[in-house]
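Asks: Dropping the structure in here first, questions after.
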Amino acid sequence: MDLGPLNGFLKALVYSLQNQAGGRTGLIFQFYMFFWMVMTSFFAVTRILAVTERPDPIYLASAPVYVALLYIPIHVFWLYEKNVGIERRRVKEMELVDAVNVEYTFSKPVHLGFPNALYLRMNNPTERPVENIWMRAVLPATVRCDKPVLNLGSLEPMSSLTNSFTFTPLQAGNLSMGYYDLYFEINGHEHQKPPAFFGNTDITHSYLGMEFDVHQPLVFGHVSTISIRLKNNSNRNLNNLHIKCTFPTGINYDTAFSDTRTMTPGSSFDVTYEITPTTGDSIDLGTFDIMFNVEGNDCRIGDVSLGEYYIQTPEVDVRVNMPATLYREAGSTIGLHVDNKSDEVIENICFNSCFTSFIECPKPNVCIHGIQPHSSGYVSLVIKPLNSGNIDLGNLNFSFEVNGVVFQKEPIYLGTHKVS
């Protein structure tokens, strides 16, 4: 409610009476406020009684003057607080808040699937007590923490306290551990520190030994194997353990999953996957994950890289024989010699023409049934140019099969030729 000129008067009275400034100065003015109220009551009562006994106008009018004069220190104090004091105390209190800090360290090493400790040390380097301290750990979904909130009580000036969180990581690797929120009170005012991040921590699984091997060389169209061997070096059962592989495009496989079993202490688990490369050059073979349950916790060792490997492909060359002269509206034969320089039998060697619109080809797809190792084959295409001049013949797609797997070579560019 807006009372106009009385707003400042009422705010000054309430501010002093409730000692909102705090400290020694605020306490002095709180007592002064009580004194002013007593004196105001005294002047009011004496003047009311004097109305009949001593109707002196000057005497009666002196009461408001005395009340106003006694009020002046209160209003000056309020003006100072409003313009200077409140902001000065706020800045000083924020400096105190910034000075309060937390140090933390993780137990080493941090084990997957087992309880680990996050040790905390809270420091109060200020001259004011810190009260009603609460800390909340906000950990990622891959970390289990049954008690993420700690009530740390109070902390005296120039002192420290220690405590710890207990957490259980459910995924291995170098992982972000989330952050913490810190709440406390100084001078009866509630504060929350900005979220502070724990950073990354290595989650180990030293109790589960792991080895894998990729049988080499990897050859296009031929079956190869990936062997994974696990060993339980702990004194606990690893239940519901299974392995899942993730292979990229360019790798055929029968299954990406292993059997599910329980690994007792000291036991081993061997898994073999059969893969068939369906692309050439270098390829990343993908990753595999290991899932298991230990101490009631579902754990994952994820995204273990199988590495990058080179896929051997058959060495096959194509020689294109173009006629010396091309004539408009006349058929011409393009000879295609295929040299198989590899030790593989290649089959279904096919050419699929992508001629431009200026070329007519009655049979654009031609194939050779098969070519033995270190042998050659021949097939031809008949084309009929529709225009004269310099004509771009376009591309010729080329593919062959090894053990039923199609290998698509880069298109053969036939170039630009003069048509008479």
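Residue names in the structure tokens use chain letters A, B, ... in the order shown, residue numbers from 1 in each chain, and ligand numbers from 1 in the order shown.
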Run DSSP on the backbone and give me the residues of segment 203-278 of chain A it puts in strand (DSSP E), as an mmCIF file with N, CA and C atoms, in the first residue's frame.
Replies:
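As a result, out.cif now contains:
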data_model
loop_
_atom_site.group_PDB
_atom_site.id
_atom_site.type_symbol
_atom_site.label_atom_id
_atom_site.label_comp_id
_atom_site.auth_asym_id
_atom_site.auth_seq_id
_atom_site.Cartn_x
_atom_site.Cartn_y
_atom_site.Cartn_z
ATOM 1 N N ILE A 203 37.150 -45.313 -14.547
ATOM 2 C CA ILE A 203 36.466 -46.438 -13.893
ATOM 3 C C ILE A 203 37.109 -47.722 -14.413
ATOM 4 N N THR A 204 37.728 -48.493 -13.524
ATOM 5 C CA THR A 204 38.498 -49.669 -13.946
ATOM 6 C C THR A 204 37.707 -50.959 -13.730
ATOM 7 N N LEU A 208 38.304 -58.103 -14.105
ATOM 8 C CA LEU A 208 37.841 -58.855 -15.273
ATOM 9 C C LEU A 208 38.858 -58.668 -16.390
ATOM 10 N N GLY A 209 39.739 -59.674 -16.528
ATOM 11 C CA GLY A 209 40.740 -59.616 -17.582
ATOM 12 C C GLY A 209 40.100 -59.770 -18.955
ATOM 13 N N MET A 210 40.659 -59.075 -19.954
ATOM 14 C CA MET A 210 40.049 -59.077 -21.283
ATOM 15 C C MET A 210 41.141 -59.067 -22.343
ATOM 16 N N GLU A 211 41.019 -59.989 -23.303
ATOM 17 C CA GLU A 211 41.905 -60.020 -24.461
ATOM 18 C C GLU A 211 41.070 -60.313 -25.697
ATOM 19 N N PHE A 212 41.511 -59.776 -26.837
ATOM 20 C CA PHE A 212 40.843 -60.138 -28.092
ATOM 21 C C PHE A 212 41.870 -60.193 -29.209
ATOM 22 N N ASP A 213 41.534 -60.971 -30.245
ATOM 23 C CA ASP A 213 42.444 -61.146 -31.376
ATOM 24 C C ASP A 213 41.630 -61.231 -32.657
ATOM 25 N N VAL A 214 42.081 -60.510 -33.674
ATOM 26 C CA VAL A 214 41.464 -60.550 -35.002
ATOM 27 C C VAL A 214 42.387 -61.355 -35.915
ATOM 28 N N LEU A 218 42.807 -60.128 -43.304
ATOM 29 C CA LEU A 218 41.391 -60.059 -43.645
ATOM 30 C C LEU A 218 41.286 -59.941 -45.166
ATOM 31 N N VAL A 219 40.566 -60.860 -45.764
ATOM 32 C CA VAL A 219 40.484 -60.940 -47.227
ATOM 33 C C VAL A 219 39.028 -60.781 -47.644
ATOM 34 N N SER A 224 36.676 -64.734 -41.689
ATOM 35 C CA SER A 224 37.750 -64.602 -40.713
ATOM 36 C C SER A 224 37.122 -64.670 -39.322
ATOM 37 N N THR A 225 37.938 -64.670 -38.289
ATOM 38 C CA THR A 225 37.418 -64.827 -36.924
ATOM 39 C C THR A 225 37.943 -63.728 -36.000
ATOM 40 N N ILE A 226 37.106 -63.409 -35.019
ATOM 41 C CA ILE A 226 37.492 -62.526 -33.907
ATOM 42 C C ILE A 226 37.329 -63.335 -32.627
ATOM 43 N N SER A 227 38.406 -63.444 -31.856
ATOM 44 C CA SER A 227 38.372 -64.213 -30.611
ATOM 45 C C SER A 227 38.456 -63.250 -29.425
ATOM 46 N N ILE A 228 37.546 -63.431 -28.471
ATOM 47 C CA ILE A 228 37.543 -62.626 -27.243
ATOM 48 C C ILE A 228 37.644 -63.579 -26.058
ATOM 49 N N ARG A 229 38.565 -63.265 -25.158
ATOM 50 C CA ARG A 229 38.773 -64.111 -23.980
ATOM 51 C C ARG A 229 38.650 -63.250 -22.725
ATOM 52 N N LEU A 230 37.809 -63.682 -21.787
ATOM 53 C CA LEU A 230 37.620 -63.000 -20.509
ATOM 54 C C LEU A 230 38.058 -63.915 -19.373
ATOM 55 N N LYS A 231 38.577 -63.309 -18.299
ATOM 56 C CA LYS A 231 38.941 -64.086 -17.113
ATOM 57 C C LYS A 231 38.505 -63.331 -15.868
ATOM 58 N N ASN A 232 37.815 -64.027 -14.971
ATOM 59 C CA ASN A 232 37.334 -63.450 -13.722
ATOM 60 C C ASN A 232 38.434 -63.561 -12.666
ATOM 61 N N LEU A 238 30.397 -63.314 -11.423
ATOM 62 C CA LEU A 238 29.927 -62.335 -12.401
ATOM 63 C C LEU A 238 28.760 -62.977 -13.130
ATOM 64 N N ASN A 239 27.567 -62.530 -12.803
ATOM 65 C CA ASN A 239 26.353 -63.187 -13.281
ATOM 66 C C ASN A 239 25.852 -62.568 -14.589
ATOM 67 N N ASN A 240 25.113 -63.392 -15.341
ATOM 68 C CA ASN A 240 24.458 -62.936 -16.582
ATOM 69 C C ASN A 240 25.430 -62.228 -17.515
ATOM 70 N N LEU A 241 26.640 -62.764 -17.604
ATOM 71 C CA LEU A 241 27.649 -62.120 -18.440
ATOM 72 C C LEU A 241 27.448 -62.501 -19.897
ATOM 73 N N HIS A 242 27.476 -61.506 -20.771
ATOM 74 C CA HIS A 242 27.407 -61.753 -22.211
ATOM 75 C C HIS A 242 28.094 -60.619 -22.949
ATOM 76 N N ILE A 243 28.423 -60.912 -24.203
ATOM 77 C CA ILE A 243 29.165 -59.964 -25.040
ATOM 78 C C ILE A 243 28.326 -59.643 -26.268
ATOM 79 N N LYS A 244 28.332 -58.376 -26.645
ATOM 80 C CA LYS A 244 27.634 -57.936 -27.848
ATOM 81 C C LYS A 244 28.597 -57.132 -28.714
ATOM 82 N N CYS A 245 28.723 -57.529 -29.985
ATOM 83 C CA CYS A 245 29.576 -56.807 -30.923
ATOM 84 C C CYS A 245 28.727 -55.871 -31.787
ATOM 85 N N THR A 246 29.320 -54.788 -32.198
ATOM 86 C CA THR A 246 28.681 -53.845 -33.128
ATOM 87 C C THR A 246 29.600 -53.699 -34.332
ATOM 88 N N ILE A 251 30.901 -55.332 -43.174
ATOM 89 C CA ILE A 251 31.253 -56.577 -42.481
ATOM 90 C C ILE A 251 29.986 -57.412 -42.333
ATOM 91 N N ASN A 252 29.983 -58.614 -42.930
ATOM 92 C CA ASN A 252 28.889 -59.567 -42.722
ATOM 93 C C ASN A 252 29.218 -60.472 -41.548
ATOM 94 N N TYR A 253 28.184 -60.881 -40.797
ATOM 95 C CA TYR A 253 28.407 -61.730 -39.634
ATOM 96 C C TYR A 253 27.149 -62.558 -39.391
ATOM 97 N N ARG A 261 26.260 -66.412 -19.453
ATOM 98 C CA ARG A 261 26.696 -67.388 -18.447
ATOM 99 C C ARG A 261 27.125 -66.672 -17.169
ATOM 100 N N THR A 262 27.366 -67.466 -16.137
ATOM 101 C CA THR A 262 27.914 -66.962 -14.874
ATOM 102 C C THR A 262 29.382 -67.344 -14.801
ATOM 103 N N MET A 263 30.234 -66.347 -14.577
ATOM 104 C CA MET A 263 31.665 -66.604 -14.437
ATOM 105 C C MET A 263 32.005 -66.685 -12.953
ATOM 106 N N SER A 268 37.295 -68.695 -16.956
ATOM 107 C CA SER A 268 37.495 -67.969 -18.210
ATOM 108 C C SER A 268 36.290 -68.161 -19.114
ATOM 109 N N PHE A 269 36.165 -67.290 -20.089
ATOM 110 C CA PHE A 269 35.060 -67.331 -21.044
ATOM 111 C C PHE A 269 35.635 -66.944 -22.402
ATOM 112 N N ASP A 270 35.553 -67.881 -23.366
ATOM 113 C CA ASP A 270 36.084 -67.659 -24.710
ATOM 114 C C ASP A 270 34.933 -67.589 -25.706
ATOM 115 N N VAL A 271 34.969 -66.566 -26.562
ATOM 116 C CA VAL A 271 33.936 -66.365 -27.579
ATOM 117 C C VAL A 271 34.623 -66.124 -28.915
ATOM 118 N N THR A 272 34.078 -66.763 -29.980
ATOM 119 C CA THR A 272 34.605 -66.569 -31.328
ATOM 120 C C THR A 272 33.484 -66.112 -32.245
ATOM 121 N N TYR A 273 33.744 -65.047 -32.995
ATOM 122 C CA TYR A 273 32.784 -64.520 -33.974
ATOM 123 C C TYR A 273 33.369 -64.708 -35.370
ATOM 124 N N GLU A 274 32.516 -65.105 -36.319
ATOM 125 C CA GLU A 274 32.926 -65.221 -37.711
ATOM 126 C C GLU A 274 32.424 -64.013 -38.489
ATOM 127 N N ILE A 275 33.345 -63.395 -39.224
ATOM 128 C CA ILE A 275 32.992 -62.222 -40.013
ATOM 129 C C ILE A 275 33.475 -62.407 -41.445
ATOM 130 N N THR A 276 32.813 -61.728 -42.369
ATOM 131 C CA THR A 276 33.203 -61.750 -43.783
ATOM 132 C C THR A 276 33.263 -60.311 -44.285
ATOM 133 N N PRO A 277 34.463 -59.810 -44.657
ATOM 134 C CA PRO A 277 34.551 -58.447 -45.198
ATOM 135 C C PRO A 277 33.858 -58.346 -46.558
#
Asks: Can you tell me, as a list in words, what residues are no more than 8 Å from segment 319-331 of chain A when counting only C-alpha atoms, ignoring any on the same chain fewer than 3 positions away?
Replies: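 Everything that qualifies: Ile334, Gly335, Leu336, His337, Val338, Val382, Ile383, Lys384, Pro385, Leu386, Asn387, Ser388, His417, Lys418, Val419 and Ser420 of chain A.
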Asks: For atom CA of Val223 of chain A and atom CA of Asp254 of chain A, determine how far apart the two atoms are, in Å to one decimal place.
Replies: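 Computing the Euclidean distance for atom CA of Val223 of chain A and atom CA of Asp254 of chain A yields 10.6 Å.
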Asks: So that I can see what lies close to Val318 of chain A, please list as a list in words the residues with an atom at most 12 Å from it, counting only C-alpha atoms and leaving out residues fewer than 3 positions away in the same chain.
Replies: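 The neighbour list is Glu315, Asn321, Gly335, Leu336, His337, Val338, Asp339, Asn340, Lys341, Ile349, Cys350, Phe351, Ser376, Gly377, Tyr378, Val379, Leu396, Asn397, Phe398, Ser399, Phe400, Lys409, Glu410, Pro411, Ile412, Tyr413 and Leu414 of chain A.
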Asks: Would you write out those residues with N, CA, C and O atoms, as an mmCIF file, in the first residue's frame?
Replies:
data_model
loop_
_atom_site.group_PDB
_atom_site.id
_atom_site.type_symbol
_atom_site.label_atom_id
_atom_site.label_comp_id
_atom_site.auth_asym_id
_atom_site.auth_seq_id
_atom_site.Cartn_x
_atom_site.Cartn_y
_atom_site.Cartn_z
ATOM 1 N N GLU A 315 43.364 -58.412 -57.059
ATOM 2 C CA GLU A 315 43.908 -57.455 -58.029
ATOM 3 C C GLU A 315 43.338 -57.792 -59.403
ATOM 4 O O GLU A 315 43.701 -58.806 -60.012
ATOM 5 N N ASN A 321 39.397 -51.489 -75.076
ATOM 6 C CA ASN A 321 39.820 -51.269 -76.456
ATOM 7 C C ASN A 321 38.726 -50.498 -77.191
ATOM 8 O O ASN A 321 37.645 -51.027 -77.447
ATOM 9 N N GLY A 335 35.878 -53.327 -76.837
ATOM 10 C CA GLY A 335 36.384 -54.563 -76.248
ATOM 11 C C GLY A 335 36.808 -54.361 -74.801
ATOM 12 O O GLY A 335 37.455 -53.372 -74.456
ATOM 13 N N LEU A 336 36.434 -55.309 -73.912
ATOM 14 C CA LEU A 336 36.741 -55.228 -72.482
ATOM 15 C C LEU A 336 37.529 -56.464 -72.075
ATOM 16 O O LEU A 336 36.994 -57.582 -72.040
ATOM 17 N N HIS A 337 38.821 -56.288 -71.797
ATOM 18 C CA HIS A 337 39.693 -57.368 -71.359
ATOM 19 C C HIS A 337 39.840 -57.294 -69.842
ATOM 20 O O HIS A 337 40.233 -56.257 -69.302
ATOM 21 N N VAL A 338 39.551 -58.363 -69.143
ATOM 22 C CA VAL A 338 39.633 -58.411 -67.677
ATOM 23 C C VAL A 338 40.774 -59.344 -67.298
ATOM 24 O O VAL A 338 40.758 -60.533 -67.671
ATOM 25 N N ASP A 339 41.769 -58.832 -66.570
ATOM 26 C CA ASP A 339 42.921 -59.613 -66.120
ATOM 27 C C ASP A 339 42.805 -59.874 -64.629
ATOM 28 O O ASP A 339 42.829 -58.931 -63.816
ATOM 29 N N ASN A 340 42.660 -61.120 -64.257
ATOM 30 C CA ASN A 340 42.606 -61.527 -62.841
ATOM 31 C C ASN A 340 44.018 -61.889 -62.399
ATOM 32 O O ASN A 340 44.506 -62.979 -62.677
ATOM 33 N N LYS A 341 44.690 -60.978 -61.692
ATOM 34 C CA LYS A 341 46.065 -61.187 -61.260
ATOM 35 C C LYS A 341 46.164 -61.772 -59.854
ATOM 36 O O LYS A 341 47.270 -61.871 -59.303
ATOM 37 N N ILE A 349 31.573 -61.389 -63.457
ATOM 38 C CA ILE A 349 32.237 -60.120 -63.779
ATOM 39 C C ILE A 349 31.307 -59.364 -64.731
ATOM 40 O O ILE A 349 31.097 -59.790 -65.871
ATOM 41 N N CYS A 350 30.767 -58.269 -64.254
ATOM 42 C CA CYS A 350 29.715 -57.587 -65.011
ATOM 43 C C CYS A 350 30.087 -56.131 -65.277
ATOM 44 O O CYS A 350 30.695 -55.461 -64.438
ATOM 45 N N PHE A 351 29.662 -55.679 -66.474
ATOM 46 C CA PHE A 351 29.802 -54.275 -66.875
ATOM 47 C C PHE A 351 28.413 -53.724 -67.127
ATOM 48 O O PHE A 351 27.620 -54.322 -67.857
ATOM 49 N N SER A 376 42.621 -64.425 -67.847
ATOM 50 C CA SER A 376 41.942 -63.266 -68.406
ATOM 51 C C SER A 376 40.609 -63.677 -69.007
ATOM 52 O O SER A 376 40.373 -64.861 -69.294
ATOM 53 N N GLY A 377 39.771 -62.693 -69.195
ATOM 54 C CA GLY A 377 38.489 -62.900 -69.853
ATOM 55 C C GLY A 377 38.180 -61.720 -70.748
ATOM 56 O O GLY A 377 38.793 -60.650 -70.622
ATOM 57 N N TYR A 378 37.233 -61.942 -71.661
ATOM 58 C CA TYR A 378 36.916 -60.889 -72.633
ATOM 59 C C TYR A 378 35.409 -60.831 -72.835
ATOM 60 O O TYR A 378 34.721 -61.861 -72.850
ATOM 61 N N VAL A 379 34.935 -59.587 -73.013
ATOM 62 C CA VAL A 379 33.547 -59.366 -73.359
ATOM 63 C C VAL A 379 33.492 -58.026 -74.095
ATOM 64 O O VAL A 379 34.435 -57.223 -74.020
ATOM 65 N N LEU A 396 31.389 -46.559 -67.186
ATOM 66 C CA LEU A 396 31.100 -47.990 -67.271
ATOM 67 C C LEU A 396 31.272 -48.567 -65.871
ATOM 68 O O LEU A 396 32.378 -48.571 -65.309
ATOM 69 N N ASN A 397 30.174 -49.017 -65.263
ATOM 70 C CA ASN A 397 30.251 -49.634 -63.936
ATOM 71 C C ASN A 397 30.783 -51.048 -64.056
ATOM 72 O O ASN A 397 30.428 -51.796 -64.974
ATOM 73 N N PHE A 398 31.605 -51.431 -63.067
ATOM 74 C CA PHE A 398 32.291 -52.725 -63.127
ATOM 75 C C PHE A 398 32.223 -53.388 -61.749
ATOM 76 O O PHE A 398 32.538 -52.777 -60.730
ATOM 77 N N SER A 399 31.815 -54.654 -61.731
ATOM 78 C CA SER A 399 31.749 -55.395 -60.465
ATOM 79 C C SER A 399 32.065 -56.861 -60.712
ATOM 80 O O SER A 399 31.975 -57.359 -61.838
ATOM 81 N N PHE A 400 32.431 -57.560 -59.632
ATOM 82 C CA PHE A 400 32.640 -59.014 -59.693
ATOM 83 C C PHE A 400 32.332 -59.599 -58.322
ATOM 84 O O PHE A 400 32.144 -58.873 -57.343
ATOM 85 N N LYS A 409 33.741 -52.054 -58.125
ATOM 86 C CA LYS A 409 34.910 -51.238 -58.410
ATOM 87 C C LYS A 409 34.484 -49.814 -58.766
ATOM 88 O O LYS A 409 33.313 -49.540 -59.039
ATOM 89 N N GLU A 410 35.476 -48.917 -58.785
ATOM 90 C CA GLU A 410 35.201 -47.550 -59.207
ATOM 91 C C GLU A 410 34.775 -47.536 -60.675
ATOM 92 O O GLU A 410 35.303 -48.308 -61.490
ATOM 93 N N PRO A 411 33.807 -46.697 -61.067
ATOM 94 C CA PRO A 411 33.385 -46.632 -62.479
ATOM 95 C C PRO A 411 34.558 -46.290 -63.403
ATOM 96 O O PRO A 411 35.472 -45.551 -63.025
ATOM 97 N N ILE A 412 34.502 -46.864 -64.588
ATOM 98 C CA ILE A 412 35.535 -46.610 -65.600
ATOM 99 C C ILE A 412 35.043 -45.485 -66.510
ATOM 100 O O ILE A 412 33.981 -45.599 -67.129
ATOM 101 N N TYR A 413 35.808 -44.429 -66.572
ATOM 102 C CA TYR A 413 35.423 -43.304 -67.423
ATOM 103 C C TYR A 413 35.916 -43.561 -68.857
ATOM 104 O O TYR A 413 37.104 -43.793 -69.096
ATOM 105 N N LEU A 414 34.985 -43.548 -69.816
ATOM 106 C CA LEU A 414 35.323 -43.887 -71.212
ATOM 107 C C LEU A 414 35.840 -42.695 -72.009
ATOM 108 O O LEU A 414 36.339 -42.866 -73.114
#
Asks: Counting only C-alpha atoms, which of A:Pro140, A:Pro129, A:Pro157, A:Gly113 gets nearest to Tyr207 of chain A?
Replies: A:Gly113
Asks: Using atom CA of Glu295 of chain A and atom CA of Phe197 of chain A as the two end points, give the distance in Å to one decimal.
Replies: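 Computing the Euclidean distance for atom CA of Glu295 of chain A and atom CA of Phe197 of chain A yields 28.3 Å.
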Asks: From the list A:Ser353, A:Asn151, A:Thr162, A:Thr416, which residue is nearest Tyr119 of chain A when using only C-alpha atoms?
Replies: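 Result for the nearest residue to Tyr119 of chain A: A:Thr162.
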Asks: Can you tell me, as a CSV table (one decimal) with N, CA, C and O atoms, in the first residue's frame, what residues are no more than 6 Å from segment 91-105 of chain A when counting only C-alpha atoms, ignoring any on the same chain fewer than 6 positions away?
Replies:
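The resulting file, around13.csv, is shown below:
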chain,number,residue,atom,x,y,z
A,118,LEU,N,33.9,-41.0,-2.4
A,118,LEU,CA,34.2,-39.7,-2.8
A,118,LEU,C,34.4,-38.8,-1.5
A,118,LEU,O,33.4,-38.5,-0.8
A,119,TYR,N,35.7,-38.5,-1.2
A,119,TYR,CA,36.0,-37.8,0.0
A,119,TYR,C,35.9,-36.3,-0.2
A,119,TYR,O,36.3,-35.7,-1.2
A,120,LEU,N,35.3,-35.7,0.8
A,120,LEU,CA,35.0,-34.2,0.8
A,120,LEU,C,35.7,-33.5,2.0
A,120,LEU,O,35.7,-34.1,3.1
A,121,ARG,N,36.2,-32.3,1.8
A,121,ARG,CA,36.7,-31.5,2.8
A,121,ARG,C,36.2,-30.1,2.6
A,121,ARG,O,36.5,-29.5,1.6
A,122,MET,N,35.3,-29.6,3.5
A,122,MET,CA,34.8,-28.2,3.4
A,122,MET,C,35.5,-27.3,4.3
A,122,MET,O,35.7,-27.6,5.4
A,123,ASN,N,36.0,-26.2,3.7
A,123,ASN,CA,36.8,-25.2,4.4
A,123,ASN,C,36.1,-23.9,4.6
A,123,ASN,O,35.4,-23.4,3.6
A,124,ASN,N,36.2,-23.3,5.8
A,124,ASN,CA,35.6,-22.0,6.1
A,124,ASN,C,36.7,-21.1,6.6
A,124,ASN,O,37.1,-21.0,7.7
Asks: Please compute the atom CA of Leu381 of chain A-atom CA of Glu344 of chain A distance, one decimal, in Å.
Replies: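 Separating atom CA of Leu381 of chain A from atom CA of Glu344 of chain A is a distance of 25.8 Å.
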Asks: So that I can check the surroundings of Pro148 of chain A, please list as a PyMOL selection string every protein, DNA and RNA residue that reaches within 9 Å of it, counting only C-alpha atoms and ignoring chain neighbours fewer than 5 positions away.
Replies: chain A and resi 135-139+165-167
Asks: Hey, what's within 12 Å of Trp134 of chain A if we count only C-alpha atoms and toss same-chain stuff fewer than 5 positions away? As an MDAnalysis selection string, please?
Replies: chainID A and resid 122 148:155 163 180:185 190:193
Asks: Taking only C-alpha atoms into account, name the residue in A:Thr313, A:Thr333, A:Ser258, A:Asn233 that is nearest to His205 of chain A.
Replies: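 Answer, going by the shortest atom-to-atom distance: A:Asn233.
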